[in-house]
Amino acid sequence: MDRDWLWWQHGVIYQIYPRSFYDSNQDGIGDIQGIIDKLDYIQDLGFDAIWISPINSSPMHDFGYDISDYRSIDPLFGTNKEFYDLVKQAHKRKIRIIMDLVVNHSSHQHPWFLESASSRDNPKADWYIWQDPRNGREPNNWLAAFGGKAWQWNAARQQYYLHTHLMEQPDFNWRNPELRKAIFNDIKFWLDKGVDGFRLDVINFLLKDRELRNNPFTFRGPSPRPYDLQAHIYDRNQPENLEIMTELRRLSDQYRDRMLVGEVYAPRPDPQLSASYVGDGRNMLHMAFDFSIIYQKKWHARSFINPVQRWYELLPPQAWPCHVLSNHDQPRSRSRFGGGKENEKRARVAAAFLLTIRGTPFIYYGEELGMYNGKIARSQLQDPVGKKYWPLHPGRDPERTPMLWSNQKNAGFSSQEPWLPLNEGWQSQNVEVQQADPDSLLNFHKRLIHIRKKSKALMQGDWKLEADGSQNYLAYSRTWQKESVLVLLNFDSKTKRIQLTHKRYRALFGTHVIPAQEMRQGPWQLRPYEVLILSIKSD
Ligand code: NOJ
């Protein structure tokens with residue numbers, strides 16, 4: 001029997017970094033009305049949902065990942081009314097809206113924090129993590145992910161507060177039941193407004209060790225920066241976090257068809273950890289990101305398929321995978337995978353992989369054009385991480401540059417100077433140019449998304465690896481009942497000789513000229529960087 005398939009299992013999800021998508025009110029910064037204005041574009045490409053990076057009120061120390069009022073929209077982006085209109089307009093087009101839920105920490109400007117910080121005995125005194133000094137110093141050795149110590153001194157309370165990110169992002173005390181209730185009420189507020197789900201920011205950070213023990217030293221960190229020379233066993237990944245996931249799931253299950261996807265942060269891929277936040281997919285999060293591919297630059301069929309295979313092995317059969325090649329925190333895939341003159345071809349192979357493996361694809365805005373990382377001069381840096389670590393780390397501005405819409409001023413993003421510079425080459429790499437070219441990367445995405453939508457095998461079918469990538473090409477089949485599809489992806493600049501083993505095939509999609517007639521069993525040549533999707537004809 002066909003089980004009930006849910007929209008987020010079938011869907012393709014588009015991530016929008018709202019500052020950079022489209023500026024409707026001409027202040028150089030993208031906004032909600034800008035997203036509404038571009039819904040037709042999003043619909044035309046075939047996306048089923050949009051995840052929007054935070055739009056709640058915020059002093060923007062971390063560009064919205066520091067929220068000062070969970071129930072309002074920041075005026076920079078628009079009004080609550082405009083947001084409700086976005087939900088309505090999107091739903092009319094069968095596009096769902098996913099908000100970013102940032103509840104490990106708030107802004108230091110949130111009224112809860114201001115109250116909490118005002119004295120040791122106010123009603124919210126325990127809503128954040130406050131500690132007396134130990135031996136006249138910080139309570140323990142914890143460090144902040146964005147640099148420096150994780151403790152900040154507060155003169156009014158004569159105590160330190162914990163911030164695992166910026167000092168403007170104080171961490172909540174999730175052990176306090178009233179705080180928990182208040183956050184759940186804020187979540188309900190948006191669910192009641194018809195929001196279709198949430199992407200949960202650093203969700204594995206919520207609870208900290210009760211005794212706030214020192215993190216041990218490790219040589220095995222991903223980098224020599226002090227934060228990575230600690231094993232973060234006490235400031236994140238506490239097993240009791242999973243109980244909160246169950247509570248969150250119970251809340252979302254009170255509504256129809258909502259979805260929770262977790263960002264389970266680890267400085268290097270940890271699919272096992274991500275999988276633990278999904279469990280069997282019924283009592284915890286619906287999905288969680290595995291960053292195995294996003295964290296790597298290596299261009300080889302094996303470096304795509306191995307992590308995916310591992311991800312499938314770690315998720316129980318009831319759980320549903322999702323996949324991602326780029327986001328607002330990591331260099332764009334086009335820049336990571338390199339390839340010189342051939343990088344556009346690589347972008348097609350990568351996109352075809354993302355859209356045909358089993359699981360929900362998330363596509364970061366601009367990837368459909370093959371946007372590169374932008375070049376940001378030191379004086380143009382916006383991201384606090386870049387400001388702190390430049391030039392060792394350029395920060396995250398390069399992957400957050402404005403969407404390229406047209407040949408017009410500022411690439412049609414805004415009539416004003418954009419908050420980050422435009423990528424070089426925008427005159428030839430933009431939506432308008434690519435829409436007019438049937439062979440563009442944009443139209444490649446569009447065609448592929450539409451083929452996926454028509455194929456139950458691609459959306460929900462079983463997955464079977466037919467060629468494991470050791471020869472730098474992949475072959476896998478996707479099968480649902482009588483429908484079977486074979487995906488062939490050549491990651492190499494050389495032609496590959498392969499063997500088609502079924503009796504008959506019909507070509508559905510490809511990067512190269514494909515045969516009009518049916519193809520038959522026998523040897524076949526897969527050209528350099530060729531993507532070929534075949535329907536396997538049953539006799
Ligand atoms: C992860 C988000 O993706 C990132 O952009 C943000 O800076 C941190 N969490 C802190 O909220």
# chains A, B, ... in the order shown; residues from 1 in each chain; ligands from 1
call {"tool": "residues_near_ligand", "arguments": {"ligand": "ligand 1", "cutoff": "6 Å", "atoms": "only C-alpha atoms and all ligand atoms", "output": "list in words"}}
result
Asp62, Tyr65, Asp201, Val202 and Asp329 of chain A
call {"tool": "write_last_selection", "arguments": {"atoms": "N, CA, C and O atoms", "output": "mmCIF file, in the first residue's frame"}}
result
data_model
loop_
_atom_site.group_PDB
_atom_site.id
_atom_site.type_symbol
_atom_site.label_atom_id
_atom_site.label_comp_id
_atom_site.auth_asym_id
_atom_site.auth_seq_id
_atom_site.Cartn_x
_atom_site.Cartn_y
_atom_site.Cartn_z
ATOM 1 N N ASP A 62 24.259 39.598 14.199
ATOM 2 C CA ASP A 62 24.539 38.419 13.378
ATOM 3 C C ASP A 62 23.481 38.312 12.282
ATOM 4 O O ASP A 62 23.007 37.238 11.943
ATOM 5 N N TYR A 65 20.273 36.452 13.199
ATOM 6 C CA TYR A 65 20.413 35.287 14.081
ATOM 7 C C TYR A 65 20.555 35.739 15.538
ATOM 8 O O TYR A 65 21.060 35.007 16.390
ATOM 9 N N ASP A 201 17.812 26.513 14.250
ATOM 10 C CA ASP A 201 19.204 26.958 14.292
ATOM 11 C C ASP A 201 19.971 26.257 15.437
ATOM 12 O O ASP A 201 19.432 26.131 16.548
ATOM 13 N N VAL A 202 21.202 25.868 15.167
ATOM 14 C CA VAL A 202 22.086 25.195 16.143
ATOM 15 C C VAL A 202 21.308 24.459 17.250
ATOM 16 O O VAL A 202 21.518 24.669 18.434
ATOM 17 N N ASP A 329 26.234 29.834 5.229
ATOM 18 C CA ASP A 329 27.387 29.775 6.143
ATOM 19 C C ASP A 329 28.642 29.214 5.492
ATOM 20 O O ASP A 329 29.720 29.264 6.093
#
call {"tool": "select_by_dssp", "arguments": {"residues": "segment 286-478 of chain A", "states": "strand (DSSP E or B)", "output": "ChimeraX atom specification"}}
result
/A:287-288,322-324,360-364,462-468,473-478
call {"tool": "closest_residue", "arguments": {"among": "A:Lys193, A:His393, A:His323, A:Lys456", "to": "Phe289 of chain A", "atoms": "only C-alpha atoms"}}
result
A:His323
call {"tool": "residues_around", "arguments": {"residues": "Asn173 of chain A", "least_positions_apart": "6", "cutoff": "8 Å", "atoms": "only C-alpha atoms", "output": "list of chain:residue names"}}
result
A:Asp126, A:Trp127, A:Tyr128, A:Ile129, A:Leu179, A:Leu206, A:Leu207
call {"tool": "residues_around", "arguments": {"residues": "Glu82 of chain A", "least_positions_apart": "4", "cutoff": "8 Å", "atoms": "only C-alpha atoms", "output": "JSON, numbers by chain"}}
result
{"A": [32, 33, 78, 86]}
call {"tool": "write_last_selection", "arguments": {"atoms": "C-alpha atoms", "output": "PDB file, in the first residue's frame"}}
result
ATOM      1  CA  ILE A  32       9.589  40.477   2.365  1.00  0.00           C
ATOM      2  CA  GLN A  33       7.735  42.362  -0.334  1.00  0.00           C
ATOM      3  CA  GLY A  78       8.765  44.740   6.375  1.00  0.00           C
ATOM      4  CA  LEU A  86       3.629  36.433   1.849  1.00  0.00           C
TER       5      LEU A  86
END
call {"tool": "residues_around", "arguments": {"residues": "segment 133-142 of chain A", "least_positions_apart": "2", "cutoff": "10 Å", "atoms": "only C-alpha atoms", "output": "list in words"}}
result
Trp130, Gln131, Ala144, Ala145, Gly148, Lys149, Ala150, Trp151, Gln152, Trp153, Gln158, Gln159, Tyr160, Tyr161, Leu162, His163, Thr164, Leu212, Arg213, Asn214, Asn215, Pro216, Phe217, Tyr227, Gln230, His232, Tyr234 and Asp235 of chain A
call {"tool": "residues_around", "arguments": {"residues": "Gln481 of chain A", "least_positions_apart": "4", "cutoff": "10 Å", "atoms": "only C-alpha atoms", "output": "PyMOL selection string"}}
result
chain A and resi 2+456-457+461-462
call {"tool": "write_last_selection", "arguments": {"atoms": "C-alpha atoms", "output": "PDB file, in the first residue's frame"}}
result
ATOM      1  CA  ASP A   2       1.140   3.518  -0.793  1.00  0.00           C
ATOM      2  CA  LYS A 456       7.232   9.106  -8.211  1.00  0.00           C
ATOM      3  CA  ALA A 457      10.374   7.046  -8.632  1.00  0.00           C
ATOM      4  CA  GLY A 461      11.348   5.644  -4.938  1.00  0.00           C
ATOM      5  CA  ASP A 462      13.850   3.210  -3.531  1.00  0.00           C
TER       6      ASP A 462
END
call {"tool": "closest_residue", "arguments": {"among": "A:Ile97, A:Leu273, A:Ala301, A:Ala266", "to": "Leu315 of chain A", "atoms": "only C-alpha atoms"}}
result
A:Leu273
call {"tool": "residues_around", "arguments": {"residues": "Asp468 of chain A", "least_positions_apart": "6", "cutoff": "12 Å", "atoms": "only C-alpha atoms", "output": "list in words"}}
result
His300, Ala301, Arg302, Ser303, Phe304, Ile305, Asn306, Val308, Gln309, Leu474, Ala475, Tyr476, Ser477, Leu488, Leu489 and Asn490 of chain A
